[in-house]
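Each remark here refers to the structure printed beneath this line.
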Amino acid sequence: MAAETDNGWKFAQCFGDKGEVEDITEGTYPFDLPADIISTVEFDHTGDYLATGDKGGRVVLFERNDGKKGCEYKFYTEFQSHEPEFDYLKSLEIEEKINKIKWCKRQNAAHFLLSTNDKTIKLWKVFEKSLKVVAENNLSDGSRPQNGKIQHLRLPKLTHHDTIIAAVPRKVYANAHAYHINSISINSDGETYISADDLRINLWNLNISDQSFNIVDIKPVNMEELTEVITAAEFHPIHCNLFMYSSSKGTIKLSDMRAAALCDKHAKLFEEQEDPANKSFFSEIISSISDVKFSKDGRYILSRDYLTLKIWDITMENRPLKTINIHDHLRNKLCDLYENDCIFDKFECTFSGDGQNVLTGSYNNYFHIYDREGLTDVALQADKSAFKAKRVVSTKSNKILRGKNNKKEEINVDAIDFNKKILHASWHPNENSIAVAATNNLFIFTRL
């Protein structure tokens, strides 16, 4: 089912329950348990496969449905990636929730992907496995040996019975993070990856699970002097020696692994000075960067904080090229948002495959698509309205043209449902198709 909107984007598919969000846990198979709130979404490098991770520690994979026109997917396989654990030394429960999934570039018939919860990263191999059964042996015709002797010795024959999609953990990278892992990023060399927690970033070789190299450590000697934490990290898409990481202080640091073994000294620091007139009790919280992404060519950086989306040129450190106000209408409601903890929501952001558009989420299950200049704002809503009949325009959407004052139409703040939020999304690497996680539902939107 697809319903076209006035801006060319259309709802294509939804996996999950079609009922009211209040009445559901998370959806119909493969999303049908309370723990199935989707916690990460990721297309592979071809866009032919899509992965989701959920709070129950499960990974669900979807495969492009070539039999359908447009960008549609079908269920491929699912597996339990992580189980709940208990750290007896620290008396802490380690939940099974999948924080991030990253696909390795495909080199043979099998798929390899990394998945992580708060403490442990796993490398999974997903492949087609042929099930075989014994079809013929010495006793298959019912004959018995005469006088204890076998006249003809026949070797057992195996024949193909069925093909299943199997998932096996090839590597488990454990015991390297004292704090919660928030990011993993695979290097363009295809051999290494980084994992980041609140205070450290580790460099791993995909083939070596029992050792990693600590390349960033911002932990102070005295923890009382702690002023910032690492919030996200990503490798440069082309230069394998460069990576960036963002902090709760609103800064982005670009580091070069060729400079030193410990990359505490950054090569570049992207930071915009705050206007003292806007400083408030909430300034530090809302300036914390929740996500950073490189464009495909590595020229631009996209960062998301609570109120804004910023596009940076990698050659210009002192200010962003463009600042897009996402939640400016919530500025007067920060006190309430602090009380209900929504001010700590971590919205992700992503570039389109061609780098010309950017995507991020908001409340009321809305997400926004902007052109890189920030001139147009396409707002789409991923909710149950998308399940209505074809002839009804099922995706609530609008296209807002921004003028020089960069102001949008008035939004009724009191009508916003802060429990409905789009935190996780992924953009198809080669097409204008996006996958959006709305609580327990996975929505696919496409633009032809």
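The chains in the structure tokens are called A, B, ... from first to last as shown; in each chain the residues are counted from 1, and the ligands are counted from 1 in the order shown.
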Any chance you could tabulate, as CSV, the residues of segment 218-260 of chain A at most 12 Å from segment 309-317 of chain A with each one's nearest atom pair and distance in Å to one decimal, using only C-alpha atoms, in chain and rising number order?
residue,atom,partner,partner_atom,distance
A:His236,CA,A:Ile314,CA,10.8
A:Leu242,CA,A:Ile314,CA,11.7
A:Phe243,CA,A:Ile314,CA,11.8
A:Met244,CA,A:Ile314,CA,10.7
A:Gly250,CA,A:Lys310,CA,11.0
A:Thr251,CA,A:Glu317,CA,10.2
A:Ile252,CA,A:Glu317,CA,9.2
A:Lys253,CA,A:Glu317,CA,9.7
A:Leu254,CA,A:Ile314,CA,9.0
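Distance check against Ile416 of chain A using only C-alpha atoms: of A:Asn364, A:Pro320, A:Lys97, A:Ile201, the minimum falls on A:Asn364.
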Exercise. Taking into account only C-alpha atoms, which residue in the set A:Ala232, A:Gln211, A:Glu431, A:Trp204 is nearest to His180 of chain A?
Worked result: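 Closest residue, counting only C-alpha atoms: A:Ala232.
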For this session: Could you check which of A:Tyr88, A:Phe351, A:Phe127, A:Phe43 is closest to Arg304 of chain A, using only C-alpha atoms?
Result: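 Among the listed residues, the smallest separation from Arg304 of chain A belongs to A:Phe351.
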For this session: Can you pull out every residue within 8 Å of segment 338-344 of chain A, counting only C-alpha atoms, but drop anything in the same chain fewer than 4 positions away, and send it as a PyMOL selection string?
Result: chain A and resi 285-286+306+334+418
Could those residues be written to a file, using C-alpha atoms, as a CSV table (one decimal), in the first residue's frame?
chain,number,residue,atom,x,y,z
A,285,ILE,CA,21.6,20.3,28.5
A,286,ILE,CA,20.2,21.5,25.2
A,306,TYR,CA,17.9,19.1,21.4
A,334,LEU,CA,12.1,23.6,28.7
A,418,PHE,CA,5.9,13.9,23.9
For this session: Would you kindly return, as a VMD selection string, each protein, DNA or RNA residue with an atom no farther than 6 Å from any atom of Asn241 of chain A, considering only C-alpha atoms and excluding same-chain residues fewer than 2 positions away?
Result: chain A and resid 239 256 to 257
Write a file of the just-selected residues containing N, CA, C and O atoms, as a JSON list (two decimals), in the first residue's frame.
[["chain", "number", "residue", "atom", "x", "y", "z"],
["A", 239, "HIS", "N", 38.77, 8.77, 4.45],
["A", 239, "HIS", "CA", 40.12, 8.76, 5.04],
["A", 239, "HIS", "C", 40.12, 7.90, 6.31],
["A", 239, "HIS", "O", 39.53, 8.27, 7.32],
["A", 256, "ASP", "N", 43.09, 12.76, 14.21],
["A", 256, "ASP", "CA", 43.89, 12.07, 13.21],
["A", 256, "ASP", "C", 44.74, 11.02, 13.91],
["A", 256, "ASP", "O", 45.59, 11.34, 14.75],
["A", 257, "MET", "N", 44.51, 9.74, 13.59],
["A", 257, "MET", "CA", 45.23, 8.66, 14.25],
["A", 257, "MET", "C", 46.69, 8.60, 13.85],
["A", 257, "MET", "O", 47.49, 7.89, 14.47]]
Exercise. What's the 9 Å shell around Cys263 of chain A, counting only C-alpha atoms, without same-chain residues fewer than 5 positions away, as number ranges by chain?
Worked result: A: 214-217, 255-258
For this session: Using only C-alpha atoms, pick whichever of A:Val172, A:Ile238, A:Leu359, A:Ala167 has the shortest atom-to-atom distance to Asp210 of chain A.
Result: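 That would be A:Val172, the residue with the smallest distance to Asp210 of chain A.
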For this session: Write down as a ChimeraX atom specification the residues of segment 87-335 of chain A whose backbone DSSP state falls under strand (DSSP E or B).
Result: /A:87,92-94,100-103,111-116,121-136,146,149,157-173,183-186,192-196,200-205,213-217,230-235,242-247,252-256,268-270,291-294,300-304,308-313,322-325
Problem set entry | Atomic separation - atom CA of Phe347 of chain A relative to atom CA of Ser247 of chain A, Å |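 Separation of atom CA of Ser247 of chain A and atom CA of Phe347 of chain A: 14.4 Å.
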Exercise. What's the 9 Å shell around Tyr366 of chain A, counting only C-alpha atoms, without same-chain residues fewer than 4 positions away, as a count of residues only?
Worked result: 11
Exercise. Pick the closest to Ser248 of chain A from A:Asp417, A:Asp305, A:Asp328, A:Glu128: which is it, counting only C-alpha atoms?
Worked result: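 For Ser248 of chain A, the nearest of the given residues is A:Asp305.
Distances to Cys104 of chain A were evaluated for A:Asp66, A:Glu136, A:Asp44, A:Asp54 using only C-alpha atoms, and the minimum falls at A:Asp44.
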For this session: From segment 178-409 of chain A, collect each residue whose DSSP state is helix (DSSP H, G or I) and return the set as JSON, numbers by chain.
Result: {"A": [223, 224, 225, 276, 277, 278, 283, 284, 285, 286, 287, 328, 329, 330, 331, 332, 333, 334, 335, 336, 337, 338, 339, 342, 343, 344, 384, 385, 386, 387]}
Problem set entry | d(atom CA of Lys219 of chain A, atom CA of Glu348 of chain A) in Å |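 Between these atoms lies a distance of 25.0 Å.
Counting from atom CA of Arg299 of chain A, the distance to atom CA of Leu375 of chain A is 20.1 Å.
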